[in-house]
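Peer 1: Can you keep this structure in mind? I'll have questions shortly.
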Amino acid sequence: MADELILEGETREEKYQTLIPQIKALISDEPDLVANCANIAAALRQTFDFFWVGFYFVKEDELVLGPFQGDIACTRIALGRGVCGKAWQNKETIIVPDVNAFPGHIACSAASVSEIVIPIINKGVVRSVLDVDSDKKDGFNAIDQKYLTELAELISDRF
Ligand code: SME
């Protein structure tokens, strides 16, 4: 259960190393995708105090807002638009240290300053993106990319 998360360790990497097995356990017996994505978003936000954590699901030709934790967000994003749309289009993770310097960034909230977006790929097709935002510059690095990619791979076959 999310309220039973036990978080040991001080560094961000140690926190991910503690959190990921707990997320694995959390989703292992639950087949519902929305329920699992909702708990993953909550677990990440609870652990790291990120400003916004959520999923966008690919539905036809758009990304549509899925389970998230944080402020109200844009509901639909077109292919190639913003950081999420670019990560979808390019099938690769994008780290943006300062969103003000990213052409075409979609400002759902003025408080979001940096972000990382990880595509969730099943059978070569992007099914969703995991979007994590920080209210500080340079909020994300290769450690976040490594473990958030591990998380994305953990659920990609559920899509
Ligand atoms: N930052 C995203 C839009 C979604 S929100 O930040 C929740 C983007 O530019 O793709």
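If you're wondering about the labels, chains in the structure tokens are A, B, ... by order shown, residues count from 1 in each chain, ligands from 1 in order shown.
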Using only C-alpha atoms and all ligand atoms, which residues of the polymer chains come no farther than 8 Å from ligand 1? I'd like the answer as a list in words.
Peer 2: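 The neighbouring residues of ligand 1 are, in order, Trp52, Val53, Gly54, Asp71, Ile72, Ala73, Cys74, Ile77, Arg81, Gly82, Val83, Cys84, Gly85, Lys86, Val99, Gly104, His105, Ile106, Ala107, Cys108, Ser109, Ser112, Glu115, Val117, Asp131, Val132 and Asp133 of chain A.
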Peer 1: Identify, on the basis of only C-alpha atoms, every residue whose closest approach to Arg127 (chain A) does not exceed 9 Å; exclude the query and any residue fewer than 5 positions from it along the same chain; express the result as an MDAnalysis selection string.
Peer 2: chainID A and resid 56:59 88 119:122 156 159
Peer 1: Per residue of region 60-115 of chain A within 12 Å of region 35-50 of chain A, which atom pair is closest and at what distance in Å (one decimal), using only C-alpha atoms, listed by chain and increasing number, as JSON lines?
Peer 2:
```
{"residue": "A:Leu65", "atom": "CA", "partner": "A:Cys37", "partner_atom": "CA", "distance": 11.7}
{"residue": "A:Gly66", "atom": "CA", "partner": "A:Cys37", "partner_atom": "CA", "distance": 8.1}
{"residue": "A:Pro67", "atom": "CA", "partner": "A:Ala38", "partner_atom": "CA", "distance": 4.9}
{"residue": "A:Phe68", "atom": "CA", "partner": "A:Ala41", "partner_atom": "CA", "distance": 5.7}
{"residue": "A:Gln69", "atom": "CA", "partner": "A:Ala41", "partner_atom": "CA", "distance": 6.0}
{"residue": "A:Gly70", "atom": "CA", "partner": "A:Arg45", "partner_atom": "CA", "distance": 8.4}
{"residue": "A:Asp71", "atom": "CA", "partner": "A:Phe50", "partner_atom": "CA", "distance": 11.5}
{"residue": "A:Ala111", "atom": "CA", "partner": "A:Phe50", "partner_atom": "CA", "distance": 11.6}
{"residue": "A:Ser112", "atom": "CA", "partner": "A:Phe50", "partner_atom": "CA", "distance": 9.9}
{"residue": "A:Val113", "atom": "CA", "partner": "A:Phe50", "partner_atom": "CA", "distance": 11.2}
{"residue": "A:Ser114", "atom": "CA", "partner": "A:Phe50", "partner_atom": "CA", "distance": 10.4}
{"residue": "A:Glu115", "atom": "CA", "partner": "A:Phe50", "partner_atom": "CA", "distance": 9.8}
```
Peer 1: Please dump the current selection as a PDB file, in the first residue's frame; keep N, CA, C and O atoms.
Peer 2:
```pdb
ATOM      1  N   LEU A  65      -4.394  13.385 -20.942  1.00  0.00           N
ATOM      2  CA  LEU A  65      -4.019  13.352 -19.524  1.00  0.00           C
ATOM      3  C   LEU A  65      -4.528  12.088 -18.836  1.00  0.00           C
ATOM      4  O   LEU A  65      -5.697  11.707 -18.985  1.00  0.00           O
ATOM      5  N   GLY A  66      -3.645  11.426 -18.120  1.00  0.00           N
ATOM      6  CA  GLY A  66      -3.997  10.232 -17.343  1.00  0.00           C
ATOM      7  C   GLY A  66      -3.824  10.516 -15.855  1.00  0.00           C
ATOM      8  O   GLY A  66      -3.842  11.678 -15.436  1.00  0.00           O
ATOM      9  N   PRO A  67      -3.600   9.466 -15.063  1.00  0.00           N
ATOM     10  CA  PRO A  67      -3.451   9.658 -13.621  1.00  0.00           C
ATOM     11  C   PRO A  67      -2.263  10.567 -13.309  1.00  0.00           C
ATOM     12  O   PRO A  67      -1.196  10.420 -13.912  1.00  0.00           O
ATOM     13  N   PHE A  68      -2.447  11.496 -12.380  1.00  0.00           N
ATOM     14  CA  PHE A  68      -1.363  12.411 -12.013  1.00  0.00           C
ATOM     15  C   PHE A  68      -1.523  12.892 -10.586  1.00  0.00           C
ATOM     16  O   PHE A  68      -2.582  12.722  -9.970  1.00  0.00           O
ATOM     17  N   GLN A  69      -0.448  13.488 -10.094  1.00  0.00           N
ATOM     18  CA  GLN A  69      -0.447  14.147  -8.786  1.00  0.00           C
ATOM     19  C   GLN A  69       0.089  15.549  -9.002  1.00  0.00           C
ATOM     20  O   GLN A  69       1.179  15.719  -9.550  1.00  0.00           O
ATOM     21  N   GLY A  70      -0.660  16.541  -8.601  1.00  0.00           N
ATOM     22  CA  GLY A  70      -0.202  17.916  -8.761  1.00  0.00           C
ATOM     23  C   GLY A  70      -1.335  18.789  -9.239  1.00  0.00           C
ATOM     24  O   GLY A  70      -2.504  18.412  -9.175  1.00  0.00           O
ATOM     25  N   ASP A  71      -0.954  19.967  -9.737  1.00  0.00           N
ATOM     26  CA  ASP A  71      -1.957  20.940 -10.161  1.00  0.00           C
ATOM     27  C   ASP A  71      -2.689  20.485 -11.427  1.00  0.00           C
ATOM     28  O   ASP A  71      -2.172  19.650 -12.181  1.00  0.00           O
ATOM     29  N   ALA A 111       4.805  27.646 -12.301  1.00  0.00           N
ATOM     30  CA  ALA A 111       5.717  27.204 -11.238  1.00  0.00           C
ATOM     31  C   ALA A 111       6.618  26.047 -11.670  1.00  0.00           C
ATOM     32  O   ALA A 111       7.591  25.718 -11.000  1.00  0.00           O
ATOM     33  N   SER A 112       6.288  25.430 -12.793  1.00  0.00           N
ATOM     34  CA  SER A 112       7.109  24.311 -13.260  1.00  0.00           C
ATOM     35  C   SER A 112       8.324  24.869 -14.010  1.00  0.00           C
ATOM     36  O   SER A 112       8.180  25.627 -14.963  1.00  0.00           O
ATOM     37  N   VAL A 113       9.519  24.499 -13.577  1.00  0.00           N
ATOM     38  CA  VAL A 113      10.734  25.123 -14.109  1.00  0.00           C
ATOM     39  C   VAL A 113      11.625  24.138 -14.885  1.00  0.00           C
ATOM     40  O   VAL A 113      12.292  24.512 -15.829  1.00  0.00           O
ATOM     41  N   SER A 114      11.642  22.884 -14.450  1.00  0.00           N
ATOM     42  CA  SER A 114      12.420  21.889 -15.200  1.00  0.00           C
ATOM     43  C   SER A 114      11.604  20.607 -15.263  1.00  0.00           C
ATOM     44  O   SER A 114      10.678  20.403 -14.471  1.00  0.00           O
ATOM     45  N   GLU A 115      11.950  19.754 -16.214  1.00  0.00           N
ATOM     46  CA  GLU A 115      11.162  18.521 -16.314  1.00  0.00           C
ATOM     47  C   GLU A 115      11.913  17.401 -17.012  1.00  0.00           C
ATOM     48  O   GLU A 115      12.929  17.626 -17.681  1.00  0.00           O
TER      49      GLU A 115
END
```
Peer 1: Could you state the separation of CA of Lys137 (chain A) and CA of Thr18 (chain A) in Å, given to one decimal place?
Peer 2: 25.3 Å
Peer 1: Would you return as a VMD selection string the members of region 10-144 of chain A that DSSP assigns to strand (DSSP E) on this structure's backbone?
Peer 2: chain A and resid 52 to 59 62 to 69 76 to 78 94 to 96 114 to 122 125 to 134
Peer 1: Work out how far CA of Asp157 (chain A) is from CA of Pro31 (chain A), in Å to one decimal.
Peer 2: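 So the two atoms, CA of Pro31 (chain A) and CA of Asp157 (chain A), lie 11.1 Å apart.
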Peer 1: Ranking A:Ile20, A:Ala152, A:Val96, A:Ile118 by minimum distance to Lys136 (chain A) and counting only C-alpha atoms, which one comes first?
Peer 2: A:Val96
Peer 1: What's the separation between CA of Ile94 (chain A) and CA of Ile155 (chain A), in Å to one decimal place?
Peer 2: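 A separation of 19.2 Å between them.
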Peer 1: Please return, as a ChimeraX atom specification, all residues of region 4-95 of chain A that DSSP assigns to helix (DSSP H, G or I) on the basis of the backbone.
Peer 2: /A:4,12-28,33-48,82-90
Peer 1: Which one of A:Gln17, A:Gln145, A:Ser28, A:Asn90 sits closest to Ile116 (chain A) if you count only C-alpha atoms?
Peer 2: A:Gln145
Peer 1: Here is a test: counting only C-alpha atoms, which residue of A:Asn100, A:Tyr16, A:Gly80, A:Asp32 is nearest to Thr149 (chain A)?
Peer 2: A:Tyr16
